[in-house]
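Taking it in order: structure first as structure tokens, then the write-up.
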Amino acid sequence: MLESSLEFLRCVRCGSKLELNAFKLDKEIEEGILECKKCNLEFPIIDKIPVLWDDFTAYISPRKKLGSKLYQSLENQHLKKFLKSSLSKNPHNEDRTELEERWSKIYENSRNSKFYSLIKGSIDNLPKSDLVLEHGCSIGIMTSYLADSNKMVFGVDRSFSALQIAKKSYKNNLDYFIADSLSSVFGKLQFSLILALNILELIEPMELLKHMSKQISSGYLVISEPYDFDRGTNSVRKPLDEFTLRTTLNEFDFKITAKTKKPSYLPWNLKLNPRATLNYKVDFIIGKK
Ligand SMILES: C[S@@+](CC[C@H](N)C(=O)[O-])C[C@H]1O[C@@H](n2cnc3c(N)ncnc32)[C@H](O)[C@@H]1O
Ligand SMILES: [Zn+2]
């Protein structure tokens with residue numbers, strides 16, 4: 001975590017400022033604790049990544065394999081103890097570690113999908129921003145690109161393995177946080193550009209749109225979506241289609257740009273393995289406030 005990121009972060013439970021206790025420092029904070037004195041809550045920074053989850057035990061208990069790996073790699077004793085005590089609670093959860101690692105590799109192998117260059121081309125036409133946020137940024141393909149032409153850029157994702165890959169490229173105006181996109185990890189901070197690419201079937205769409213609308217008082221919201229909502233028990237409660245998505249954005253005071261008024265079918269190809277590719281055709285929308 002960059003030391004300069006501290007001023008932008010807030011306690012996800014009460015909205016207060018956080019205090020930083022850095023244990024291992026190089027170009028950035030590699031191990032440390034962010035603390036909310038008001039809630040008496042501690043958010044660990046492990047392997048340069050802050051985990052800003054309301055309840056760390058709830059974050060790590062479905063990722064016990066990840067927890068054990070992180071435990072081995074940690075140097076600071078306070079953090080080791082913190083992790084160990086969280087790992088010892090709730091032992092019977094299904095483990096998400098391998099699933100998240102597998103998808104991180106798929107995104108790594110799909111970096112060169114034409115989809116990302118198409119989105120980059122469209123975003124290049126937008127005005128440069130002081131503060132940019134990407135929700136569900138995964139390995140940071142777009143986040144890192146945006147840092148080359150905007151002032152300060154943040155990415156949020158719930159996958160630790162994805163952010164470990166994202167954190168391999170250091171830029172002094174680019175940082176990543178483990179957080180639930182629906183939480184108020186930045187308090188009332190306003191962004192002039194927000195990206196939400198291919199995440200509406202994973203994060204309750206109406207709630208996310210409402211949340212992002214509050215994060216932009218003047219600026220651009222960039223959304224792409226394959227509308228792949230059929231996910232069994234993991235499905236969101238209220239899926240949207242290409243028309244209701246546009247109407248909802250209008251209701252949240254976004255004007256849809258002329259080029260994205262009509263639904264589109266951009267190719268988004270994910271290389272699952274050397275013999276299989278997942279080929280989506282995604283819709284693309286830019287909303288302006
Ligand atoms: C389908 S992937 C899309 C990744 C990237 N936006 C792209 O288009 O290449 C969805 C991403 O959202 C993340 N995600 C899912 N639910 C989330 C949540 N509640 N908060 C933050 N990130 C979440 C996943 O970990 C995953 O990296
Ligand atoms: Zn708090």
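Order determines the names: the first chain of the structure tokens is A, the second B, and so forth; residues in each chain are numbered 1 upward, and ligands are numbered 1 upward as they are shown.
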
Which residues of stretch 100-160 of chain A sit at most 8 Å from stretch 166-176 of chain A, using only C-alpha atoms? Give each one's shortest atom pair and distance in Å (one decimal place), in chain and ascending residue order, as a Markdown table.
| residue | atom | partner | partner_atom | distance |
| --- | --- | --- | --- | --- |
| A:Ser138 | CA | A:Ala166 | CA | 7.5 |
| A:Ile139 | CA | A:Ala166 | CA | 4.4 |
| A:Gly140 | CA | A:Ala166 | CA | 5.0 |
| A:Ile141 | CA | A:Ala166 | CA | 7.7 |
| A:Thr143 | CA | A:Leu174 | CA | 7.7 |
| A:Ser144 | CA | A:Leu174 | CA | 6.9 |
| A:Ala147 | CA | A:Leu174 | CA | 6.0 |
| A:Lys151 | CA | A:Asn173 | CA | 6.6 |
| A:Met152 | CA | A:Asn173 | CA | 4.8 |
| A:Val153 | CA | A:Leu174 | CA | 4.9 |
| A:Phe154 | CA | A:Asp175 | CA | 5.0 |
| A:Gly155 | CA | A:Tyr176 | CA | 4.6 |
| A:Val156 | CA | A:Tyr176 | CA | 5.8 |
| A:Asp157 | CA | A:Tyr176 | CA | 7.8 |

For this session: All residues within 8 Å of ligand 1 are required, counting only C-alpha atoms and all ligand atoms; please report them as a ChimeraX atom specification.
Result: /A:100,103-104,107,116,134-142,156-159,162,178-182,196-199,202-203,224

Exercise. Can I get the residues close to ligand 2 as a list of chain:residue names, where close means within 10 Å and we count only C-alpha atoms and all ligand atoms?
Worked result: A:Arg10, A:Cys11, A:Val12, A:Arg13, A:Cys14, A:Gly15, A:Ser16, A:Lys17, A:Leu18, A:Glu35, A:Cys36, A:Lys37, A:Lys38, A:Cys39, A:Asn40, A:Leu41, A:Glu42, A:Asp54

Problem set entry | d(atom CA of A:Lys80, atom CA of A:Leu66) in Å | 13.5 Å

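Taking the backbone of this structure through DSSP, the residues of stretch 131-179 of chain A that come out as alpha helix (DSSP H) are Ile141, Met142, Thr143, Ser144, Tyr145, Leu146, Ala147, Phe160, Ser161, Ala162, Leu163, Gln164, Ile165 and Ala166 of chain A.
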
Export N, CA, C and O atoms of the chosen residues as an mmCIF file, in the first residue's frame?
data_model
loop_
_atom_site.group_PDB
_atom_site.id
_atom_site.type_symbol
_atom_site.label_atom_id
_atom_site.label_comp_id
_atom_site.auth_asym_id
_atom_site.auth_seq_id
_atom_site.Cartn_x
_atom_site.Cartn_y
_atom_site.Cartn_z
ATOM 1 N N ILE A 141 -5.666 -4.928 -15.198
ATOM 2 C CA ILE A 141 -5.314 -4.644 -16.604
ATOM 3 C C ILE A 141 -5.657 -3.183 -16.944
ATOM 4 O O ILE A 141 -4.821 -2.424 -17.416
ATOM 5 N N MET A 142 -6.912 -2.794 -16.636
ATOM 6 C CA MET A 142 -7.351 -1.439 -16.976
ATOM 7 C C MET A 142 -6.850 -0.419 -15.946
ATOM 8 O O MET A 142 -6.484 0.699 -16.313
ATOM 9 N N THR A 143 -6.849 -0.814 -14.685
ATOM 10 C CA THR A 143 -6.434 0.106 -13.603
ATOM 11 C C THR A 143 -5.022 0.633 -13.871
ATOM 12 O O THR A 143 -4.764 1.835 -13.806
ATOM 13 N N SER A 144 -4.134 -0.300 -14.184
ATOM 14 C CA SER A 144 -2.741 0.071 -14.415
ATOM 15 C C SER A 144 -2.614 0.953 -15.665
ATOM 16 O O SER A 144 -1.856 1.936 -15.663
ATOM 17 N N TYR A 145 -3.399 0.642 -16.680
ATOM 18 C CA TYR A 145 -3.377 1.466 -17.899
ATOM 19 C C TYR A 145 -3.819 2.901 -17.587
ATOM 20 O O TYR A 145 -3.216 3.874 -18.027
ATOM 21 N N LEU A 146 -4.884 3.001 -16.779
ATOM 22 C CA LEU A 146 -5.427 4.328 -16.449
ATOM 23 C C LEU A 146 -4.438 5.178 -15.658
ATOM 24 O O LEU A 146 -4.454 6.402 -15.733
ATOM 25 N N ALA A 147 -3.568 4.510 -14.892
ATOM 26 C CA ALA A 147 -2.599 5.248 -14.068
ATOM 27 C C ALA A 147 -1.585 5.991 -14.940
ATOM 28 O O ALA A 147 -0.951 6.939 -14.481
ATOM 29 N N PHE A 160 -7.713 -11.794 -3.355
ATOM 30 C CA PHE A 160 -6.351 -11.476 -2.929
ATOM 31 C C PHE A 160 -5.349 -11.895 -4.002
ATOM 32 O O PHE A 160 -4.402 -11.169 -4.296
ATOM 33 N N SER A 161 -5.564 -13.086 -4.602
ATOM 34 C CA SER A 161 -4.579 -13.558 -5.591
ATOM 35 C C SER A 161 -4.572 -12.632 -6.810
ATOM 36 O O SER A 161 -3.524 -12.385 -7.394
ATOM 37 N N ALA A 162 -5.745 -12.099 -7.180
ATOM 38 C CA ALA A 162 -5.787 -11.162 -8.311
ATOM 39 C C ALA A 162 -4.979 -9.900 -7.976
ATOM 40 O O ALA A 162 -4.175 -9.428 -8.780
ATOM 41 N N LEU A 163 -5.168 -9.384 -6.769
ATOM 42 C CA LEU A 163 -4.449 -8.151 -6.411
ATOM 43 C C LEU A 163 -2.946 -8.392 -6.227
ATOM 44 O O LEU A 163 -2.138 -7.486 -6.446
ATOM 45 N N GLN A 164 -2.568 -9.623 -5.849
ATOM 46 C CA GLN A 164 -1.127 -9.916 -5.767
ATOM 47 C C GLN A 164 -0.484 -9.781 -7.148
ATOM 48 O O GLN A 164 0.630 -9.284 -7.265
ATOM 49 N N ILE A 165 -1.213 -10.198 -8.178
ATOM 50 C CA ILE A 165 -0.691 -10.038 -9.546
ATOM 51 C C ILE A 165 -0.694 -8.543 -9.915
ATOM 52 O O ILE A 165 0.279 -8.013 -10.424
ATOM 53 N N ALA A 166 -1.808 -7.866 -9.586
ATOM 54 C CA ALA A 166 -1.900 -6.429 -9.897
ATOM 55 C C ALA A 166 -0.750 -5.653 -9.244
ATOM 56 O O ALA A 166 -0.157 -4.761 -9.867
#

Could you give me, as a JSON list (two decimals) with N, CA and C atoms, in the first residue's frame, the residues within 7 Å of A:Phe229, counting only C-alpha atoms and dropping anything in the same chain fewer than 2 positions from it?
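Contents of result-v6.json, freshly written:
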[["chain", "number", "residue", "atom", "x", "y", "z"],
["A", 201, "GLU", "N", -23.12, -9.10, -12.67],
["A", 201, "GLU", "CA", -23.77, -10.39, -12.34],
["A", 201, "GLU", "C", -23.20, -10.97, -11.05],
["A", 227, "TYR", "N", -24.14, -9.71, -19.25],
["A", 227, "TYR", "CA", -25.48, -10.13, -18.78],
["A", 227, "TYR", "C", -25.55, -11.65, -18.56],
["A", 231, "ARG", "N", -26.52, -17.89, -12.54],
["A", 231, "ARG", "CA", -25.45, -18.49, -11.74],
["A", 231, "ARG", "C", -25.97, -19.30, -10.57],
["A", 235, "SER", "N", -26.69, -16.45, -7.99],
["A", 235, "SER", "CA", -27.23, -15.37, -8.83],
["A", 235, "SER", "C", -27.65, -14.15, -8.01],
["A", 239, "PRO", "N", -31.48, -9.11, -11.66],
["A", 239, "PRO", "CA", -30.66, -8.90, -12.86],
["A", 239, "PRO", "C", -31.20, -7.74, -13.72]]

Find the nearest atom pair between each residue of stretch 84-146 of chain A and stretch 255-267 of chain A for residues within 10 Å, count only C-alpha atoms, give distances in Å to one decimal, sort rows by chain and ascending number, and present the table as JSON lines.
{"residue": "A:Ser113", "atom": "CA", "partner": "A:Pro267", "partner_atom": "CA", "distance": 8.3}
{"residue": "A:Lys114", "atom": "CA", "partner": "A:Pro267", "partner_atom": "CA", "distance": 7.1}
{"residue": "A:Phe115", "atom": "CA", "partner": "A:Pro267", "partner_atom": "CA", "distance": 5.8}
{"residue": "A:Tyr116", "atom": "CA", "partner": "A:Pro267", "partner_atom": "CA", "distance": 9.6}
{"residue": "A:Leu118", "atom": "CA", "partner": "A:Leu266", "partner_atom": "CA", "distance": 8.1}
{"residue": "A:Ile119", "atom": "CA", "partner": "A:Leu266", "partner_atom": "CA", "distance": 9.3}
{"residue": "A:Ser122", "atom": "CA", "partner": "A:Lys259", "partner_atom": "CA", "distance": 9.8}

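Ranking A:Leu2, A:Ile285, A:Ile49, A:Leu195 by their shortest atom-to-atom distance to A:Lys27, with only C-alpha atoms included, puts A:Leu2 first.
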
Problem set entry | A:Ser149 surroundings by only C-alpha atoms, 10 Å radius, close-in-sequence under 5 positions cut, as JSON, numbers by chain | {"A": [124, 127, 128, 129, 130, 144]}

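Taking only C-alpha atoms into account, A:Ser213 lies nearest to A:Ser192 out of the set A:Asn109, A:Ser192, A:Ser117, A:Asn150.
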
Exercise. What's the 10 Å shell around stretch 84-98 of chain A, counting only C-alpha atoms, without same-chain residues fewer than 5 positions away, as an MDAnalysis selection string?
Worked result: chainID A and resid 55:68 71 78:79 103:104 159:161

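Each of A:Glu19, A:Asp253, A:Asp241, A:Glu101 was compared to A:Tyr220 using only C-alpha atoms, and A:Asp253 turns out to be the nearest.
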
Problem set entry | Two-atom distance - atom CA of A:Gln77, atom CA of A:Glu3 (Å) |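 Here the two named atoms are 21.3 Å from each other.
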
For this session: Tell me, in Å to one decimal, how far atom CA of A:Lys214 is from atom CA of A:Asp148.
Result: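 Value for the atom CA of A:Lys214-atom CA of A:Asp148 distance: 25.7 Å.
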
For this session: Choose the residue, out of A:Thr244, A:Ser183, A:Ser4, A:Thr233, that has the smallest atom-to-atom separation from A:Gln215; count only C-alpha atoms.
Result: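 Using only C-alpha atoms, A:Gln215 sits closest to A:Ser183.
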
Looking only at strand (DSSP E) from DSSP on the backbone, list the matching residues of stretch 44-254 of chain A as a tab-separated table (two decimals) with all heavy atoms, in the first residue's frame.
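Saved to part-v5.tsv:
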chain	number	residue	atom	x	y	z
A	44	PRO	N	-5.62	-5.63	8.39
A	44	PRO	CA	-4.21	-5.94	8.11
A	44	PRO	C	-3.75	-5.51	6.72
A	44	PRO	O	-4.55	-5.49	5.79
A	44	PRO	CB	-4.19	-7.48	8.23
A	44	PRO	CG	-5.56	-7.91	7.87
A	44	PRO	CD	-6.49	-6.82	8.32
A	45	ILE	N	-2.47	-5.18	6.61
A	45	ILE	CA	-1.84	-4.99	5.29
A	45	ILE	C	-0.84	-6.13	5.15
A	45	ILE	O	0.10	-6.24	5.94
A	45	ILE	CB	-1.09	-3.64	5.20
A	45	ILE	CG1	-2.01	-2.48	5.55
A	45	ILE	CG2	-0.47	-3.45	3.80
A	45	ILE	CD1	-1.28	-1.17	5.80
A	46	ILE	N	-1.11	-7.02	4.21
A	46	ILE	CA	-0.27	-8.21	4.03
A	46	ILE	C	0.21	-8.24	2.59
A	46	ILE	O	-0.59	-8.06	1.67
A	46	ILE	CB	-1.08	-9.50	4.35
A	46	ILE	CG1	-1.70	-9.42	5.74
A	46	ILE	CG2	-0.18	-10.73	4.22
A	46	ILE	CD1	-2.65	-10.58	6.08
A	49	ILE	N	-0.92	-5.49	0.48
A	49	ILE	CA	-2.35	-5.33	0.17
A	49	ILE	C	-3.18	-5.15	1.45
A	49	ILE	O	-3.24	-6.05	2.29
A	49	ILE	CB	-2.86	-6.56	-0.62
A	49	ILE	CG1	-2.03	-6.73	-1.90
A	49	ILE	CG2	-4.34	-6.42	-0.94
A	49	ILE	CD1	-2.26	-8.05	-2.61
A	50	PRO	N	-3.85	-4.02	1.60
A	50	PRO	CA	-4.73	-3.84	2.76
A	50	PRO	C	-6.03	-4.62	2.58
A	50	PRO	O	-6.61	-4.60	1.50
A	50	PRO	CB	-5.05	-2.34	2.75
A	50	PRO	CG	-4.22	-1.73	1.70
A	50	PRO	CD	-3.79	-2.81	0.76
A	131	LEU	N	-9.08	11.65	-9.94
A	131	LEU	CA	-9.31	10.49	-9.07
A	131	LEU	C	-10.15	9.46	-9.82
A	131	LEU	O	-11.28	9.75	-10.24
A	131	LEU	CB	-10.07	10.98	-7.83
A	131	LEU	CG	-9.75	10.37	-6.48
A	131	LEU	CD1	-8.27	10.24	-6.24
A	131	LEU	CD2	-10.39	11.21	-5.38
A	132	VAL	N	-9.57	8.26	-9.99
A	132	VAL	CA	-10.23	7.21	-10.76
A	132	VAL	C	-10.38	5.97	-9.89
A	132	VAL	O	-9.50	5.66	-9.07
A	132	VAL	CB	-9.38	6.84	-12.01
A	132	VAL	CG1	-10.03	5.73	-12.82
A	132	VAL	CG2	-9.16	8.06	-12.89
A	133	LEU	N	-11.50	5.27	-10.07
A	133	LEU	CA	-11.71	4.03	-9.31
A	133	LEU	C	-12.19	2.94	-10.25
A	133	LEU	O	-13.07	3.15	-11.07
A	133	LEU	CB	-12.76	4.28	-8.21
A	133	LEU	CG	-13.30	3.05	-7.46
A	133	LEU	CD1	-12.18	2.34	-6.69
A	133	LEU	CD2	-14.40	3.47	-6.48
A	134	GLU	N	-11.59	1.74	-10.10
A	134	GLU	CA	-12.14	0.59	-10.82
A	134	GLU	C	-12.67	-0.43	-9.82
A	134	GLU	O	-11.93	-0.95	-8.97
A	134	GLU	CB	-11.09	-0.08	-11.73
A	134	GLU	CG	-11.74	-1.24	-12.48
A	134	GLU	CD	-10.88	-1.94	-13.52
A	134	GLU	OE1	-9.67	-1.73	-13.54
A	134	GLU	OE2	-11.46	-2.72	-14.30
A	135	HIS	N	-13.96	-0.72	-9.93
A	135	HIS	CA	-14.56	-1.76	-9.09
A	135	HIS	C	-14.31	-3.12	-9.74
A	135	HIS	O	-14.41	-3.25	-10.96
A	135	HIS	CB	-16.08	-1.54	-8.98
A	135	HIS	CG	-16.47	-0.43	-8.06
A	135	HIS	ND1	-16.40	-0.56	-6.69
A	135	HIS	CD2	-16.93	0.82	-8.29
A	135	HIS	CE1	-16.81	0.56	-6.12
A	135	HIS	NE2	-17.14	1.43	-7.07
A	152	MET	N	-4.57	10.00	-9.94
A	152	MET	CA	-4.51	8.97	-8.89
A	152	MET	C	-5.54	7.91	-9.22
A	152	MET	O	-6.71	8.22	-9.49
A	152	MET	CB	-4.83	9.64	-7.53
A	152	MET	CG	-4.61	8.77	-6.34
A	152	MET	SD	-2.85	8.51	-6.02
A	152	MET	CE	-2.82	6.77	-5.69
A	153	VAL	N	-5.14	6.64	-9.20
A	153	VAL	CA	-6.04	5.57	-9.63
A	153	VAL	C	-6.07	4.45	-8.59
A	153	VAL	O	-5.02	3.99	-8.12
A	153	VAL	CB	-5.57	4.99	-11.00
A	153	VAL	CG1	-6.53	3.92	-11.49
A	153	VAL	CG2	-5.48	6.10	-12.04
A	154	PHE	N	-7.29	4.03	-8.22
A	154	PHE	CA	-7.45	2.94	-7.25
A	154	PHE	C	-8.24	1.79	-7.87
A	154	PHE	O	-9.17	2.00	-8.66
A	154	PHE	CB	-8.23	3.42	-6.02
A	154	PHE	CG	-7.51	4.48	-5.23
A	154	PHE	CD1	-8.14	5.68	-4.90
A	154	PHE	CD2	-6.21	4.27	-4.79
A	154	PHE	CE1	-7.47	6.65	-4.17
A	154	PHE	CE2	-5.53	5.24	-4.05
A	154	PHE	CZ	-6.17	6.44	-3.75
A	155	GLY	N	-7.89	0.57	-7.45
A	155	GLY	CA	-8.65	-0.61	-7.85
A	155	GLY	C	-9.10	-1.35	-6.60
A	155	GLY	O	-8.36	-1.46	-5.62
A	156	VAL	N	-10.34	-1.85	-6.66
A	156	VAL	CA	-10.90	-2.60	-5.54
A	156	VAL	C	-11.34	-3.97	-6.04
A	156	VAL	O	-11.94	-4.07	-7.11
A	156	VAL	CB	-12.10	-1.82	-4.96
A	156	VAL	CG1	-13.02	-2.72	-4.17
A	156	VAL	CG2	-11.62	-0.67	-4.09
A	157	ASP	N	-11.01	-5.00	-5.30
A	157	ASP	CA	-11.46	-6.35	-5.66
A	157	ASP	C	-11.48	-7.18	-4.38
A	157	ASP	O	-10.84	-6.85	-3.40
A	157	ASP	CB	-10.53	-6.98	-6.69
A	157	ASP	CG	-11.21	-8.07	-7.50
A	157	ASP	OD1	-11.42	-9.18	-6.95
A	157	ASP	OD2	-11.56	-7.82	-8.66
A	174	LEU	N	-0.88	4.60	-8.19
A	174	LEU	CA	-1.77	3.44	-8.43
A	174	LEU	C	-1.76	2.56	-7.18
A	174	LEU	O	-0.70	2.18	-6.69
A	174	LEU	CB	-1.22	2.65	-9.62
A	174	LEU	CG	-1.80	1.27	-9.90
A	174	LEU	CD1	-3.25	1.39	-10.37
A	174	LEU	CD2	-0.97	0.56	-10.99
A	175	ASP	N	-2.98	2.26	-6.67
A	175	ASP	CA	-3.02	1.39	-5.49
A	175	ASP	C	-4.28	0.52	-5.52
A	175	ASP	O	-5.27	0.87	-6.17
A	175	ASP	CB	-2.98	2.22	-4.20
A	175	ASP	CG	-2.21	1.50	-3.09
A	175	ASP	OD1	-1.84	0.32	-3.28
A	175	ASP	OD2	-1.98	2.12	-2.03
A	176	TYR	N	-4.19	-0.60	-4.80
A	176	TYR	CA	-5.27	-1.60	-4.82
A	176	TYR	C	-5.67	-1.98	-3.39
A	176	TYR	O	-4.81	-2.07	-2.51
A	176	TYR	CB	-4.79	-2.87	-5.52
A	176	TYR	CG	-4.43	-2.67	-6.97
A	176	TYR	CD1	-3.11	-2.44	-7.36
A	176	TYR	CD2	-5.41	-2.73	-7.97
A	176	TYR	CE1	-2.78	-2.28	-8.71
A	176	TYR	CE2	-5.08	-2.57	-9.32
A	176	TYR	CZ	-3.76	-2.35	-9.67
A	176	TYR	OH	-3.44	-2.18	-11.00
A	177	PHE	N	-6.95	-2.25	-3.20
A	177	PHE	CA	-7.45	-2.64	-1.89
A	177	PHE	C	-8.39	-3.82	-1.99
A	177	PHE	O	-9.23	-3.87	-2.88
A	177	PHE	CB	-8.21	-1.48	-1.24
A	177	PHE	CG	-7.47	-0.18	-1.32
A	177	PHE	CD1	-7.85	0.81	-2.22
A	177	PHE	CD2	-6.35	0.03	-0.53
A	177	PHE	CE1	-7.14	1.99	-2.34
A	177	PHE	CE2	-5.62	1.22	-0.63
A	177	PHE	CZ	-6.02	2.19	-1.54
A	178	ILE	N	-8.28	-4.75	-1.04
A	178	ILE	CA	-9.29	-5.79	-0.90
A	178	ILE	C	-10.46	-5.15	-0.18
A	178	ILE	O	-10.33	-4.66	0.95
A	178	ILE	CB	-8.77	-6.97	-0.03
A	178	ILE	CG1	-7.65	-7.71	-0.73
A	178	ILE	CG2	-9.93	-7.91	0.33
A	178	ILE	CD1	-8.07	-8.58	-1.90
A	193	LEU	N	-13.94	9.48	-12.57
A	193	LEU	CA	-14.10	8.36	-13.52
A	193	LEU	C	-14.18	7.06	-12.72
A	193	LEU	O	-13.34	6.81	-11.85
A	193	LEU	CB	-12.90	8.32	-14.48
A	193	LEU	CG	-12.81	7.11	-15.41
A	193	LEU	CD1	-14.00	7.06	-16.37
A	193	LEU	CD2	-11.50	7.15	-16.24
A	194	ILE	N	-15.23	6.27	-13.00
A	194	ILE	CA	-15.36	4.95	-12.36
A	194	ILE	C	-15.58	3.89	-13.43
A	194	ILE	O	-16.36	4.09	-14.36
A	194	ILE	CB	-16.52	4.93	-11.34
A	194	ILE	CG1	-16.20	5.84	-10.15
A	194	ILE	CG2	-16.77	3.50	-10.84
A	194	ILE	CD1	-17.23	5.80	-9.03
A	195	LEU	N	-14.88	2.77	-13.28
A	195	LEU	CA	-15.06	1.63	-14.19
A	195	LEU	C	-15.71	0.48	-13.44
A	195	LEU	O	-15.32	0.17	-12.30
A	195	LEU	CB	-13.69	1.14	-14.68
A	195	LEU	CG	-13.21	1.67	-16.02
A	195	LEU	CD1	-12.93	3.16	-15.91
A	195	LEU	CD2	-11.96	0.94	-16.46
A	196	ALA	N	-16.66	-0.17	-14.09
A	196	ALA	CA	-17.27	-1.39	-13.55
A	196	ALA	C	-17.42	-2.35	-14.73
A	196	ALA	O	-18.43	-2.34	-15.42
A	196	ALA	CB	-18.62	-1.07	-12.93
A	197	LEU	N	-16.38	-3.13	-14.97
A	197	LEU	CA	-16.37	-3.99	-16.15
A	197	LEU	C	-16.72	-5.42	-15.78
A	197	LEU	O	-16.02	-6.06	-14.99
A	197	LEU	CB	-14.98	-3.95	-16.82
A	197	LEU	CG	-14.46	-2.55	-17.18
A	197	LEU	CD1	-13.08	-2.63	-17.83
A	197	LEU	CD2	-15.42	-1.80	-18.09
A	220	TYR	N	-17.57	10.49	-15.20
A	220	TYR	CA	-17.97	9.42	-16.12
A	220	TYR	C	-18.03	8.06	-15.44
A	220	TYR	O	-17.17	7.74	-14.60
A	220	TYR	CB	-16.98	9.33	-17.28
A	220	TYR	CG	-17.03	10.52	-18.19
A	220	TYR	CD1	-16.30	11.67	-17.89
A	220	TYR	CD2	-17.82	10.50	-19.33
A	220	TYR	CE1	-16.34	12.78	-18.72
A	220	TYR	CE2	-17.87	11.61	-20.17
A	220	TYR	CZ	-17.13	12.75	-19.86
A	220	TYR	OH	-17.19	13.85	-20.69
A	221	LEU	N	-19.03	7.28	-15.83
A	221	LEU	CA	-19.14	5.90	-15.37
A	221	LEU	C	-19.07	4.99	-16.60
A	221	LEU	O	-19.86	5.13	-17.53
A	221	LEU	CB	-20.48	5.71	-14.63
A	221	LEU	CG	-20.82	4.29	-14.17
A	221	LEU	CD1	-19.77	3.74	-13.22
A	221	LEU	CD2	-22.19	4.28	-13.46
A	222	VAL	N	-18.10	4.08	-16.57
A	222	VAL	CA	-17.89	3.19	-17.72
A	222	VAL	C	-18.26	1.77	-17.31
A	222	VAL	O	-17.70	1.21	-16.36
A	222	VAL	CB	-16.41	3.25	-18.18
A	222	VAL	CG1	-16.14	2.24	-19.29
A	222	VAL	CG2	-16.04	4.65	-18.63
A	223	ILE	N	-19.22	1.20	-18.04
A	223	ILE	CA	-19.72	-0.13	-17.69
A	223	ILE	C	-19.64	-1.04	-18.91
A	223	ILE	O	-20.00	-0.63	-20.01
A	223	ILE	CB	-21.20	-0.06	-17.23
A	223	ILE	CG1	-21.31	0.74	-15.93
A	223	ILE	CG2	-21.79	-1.44	-17.03
A	223	ILE	CD1	-22.72	0.88	-15.40
A	224	SER	N	-19.15	-2.27	-18.68
A	224	SER	CA	-19.35	-3.28	-19.72
A	224	SER	C	-20.01	-4.46	-19.05
A	224	SER	O	-19.85	-4.67	-17.85
A	224	SER	CB	-18.02	-3.69	-20.37
A	224	SER	OG	-17.24	-4.41	-19.46
A	225	GLU	N	-20.79	-5.22	-19.84
A	225	GLU	CA	-21.58	-6.27	-19.20
A	225	GLU	C	-21.98	-7.39	-20.17
A	225	GLU	O	-22.55	-7.11	-21.22
A	225	GLU	CB	-22.84	-5.62	-18.57
A	225	GLU	CG	-23.61	-6.51	-17.66
A	225	GLU	CD	-22.76	-7.25	-16.63
A	225	GLU	OE1	-21.85	-6.65	-16.03
A	225	GLU	OE2	-23.00	-8.45	-16.45

For this session: Go through A:Leu126, A:Leu25, A:Met212, A:Leu189 one by one, measure the shortest atom-to-atom distance of each to A:Glu7 using only C-alpha atoms, and give the residue with the smallest value.
Result: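 When distances to A:Glu7 are compared using only C-alpha atoms, the smallest one comes from A:Leu189.
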
Exercise. Which is closer to A:Leu240 than all the others in A:Asn279, A:Met206, A:Ser218, A:Ile286, using only C-alpha atoms?
Worked result: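 Distance minimum relative to A:Leu240 lands on A:Met206.
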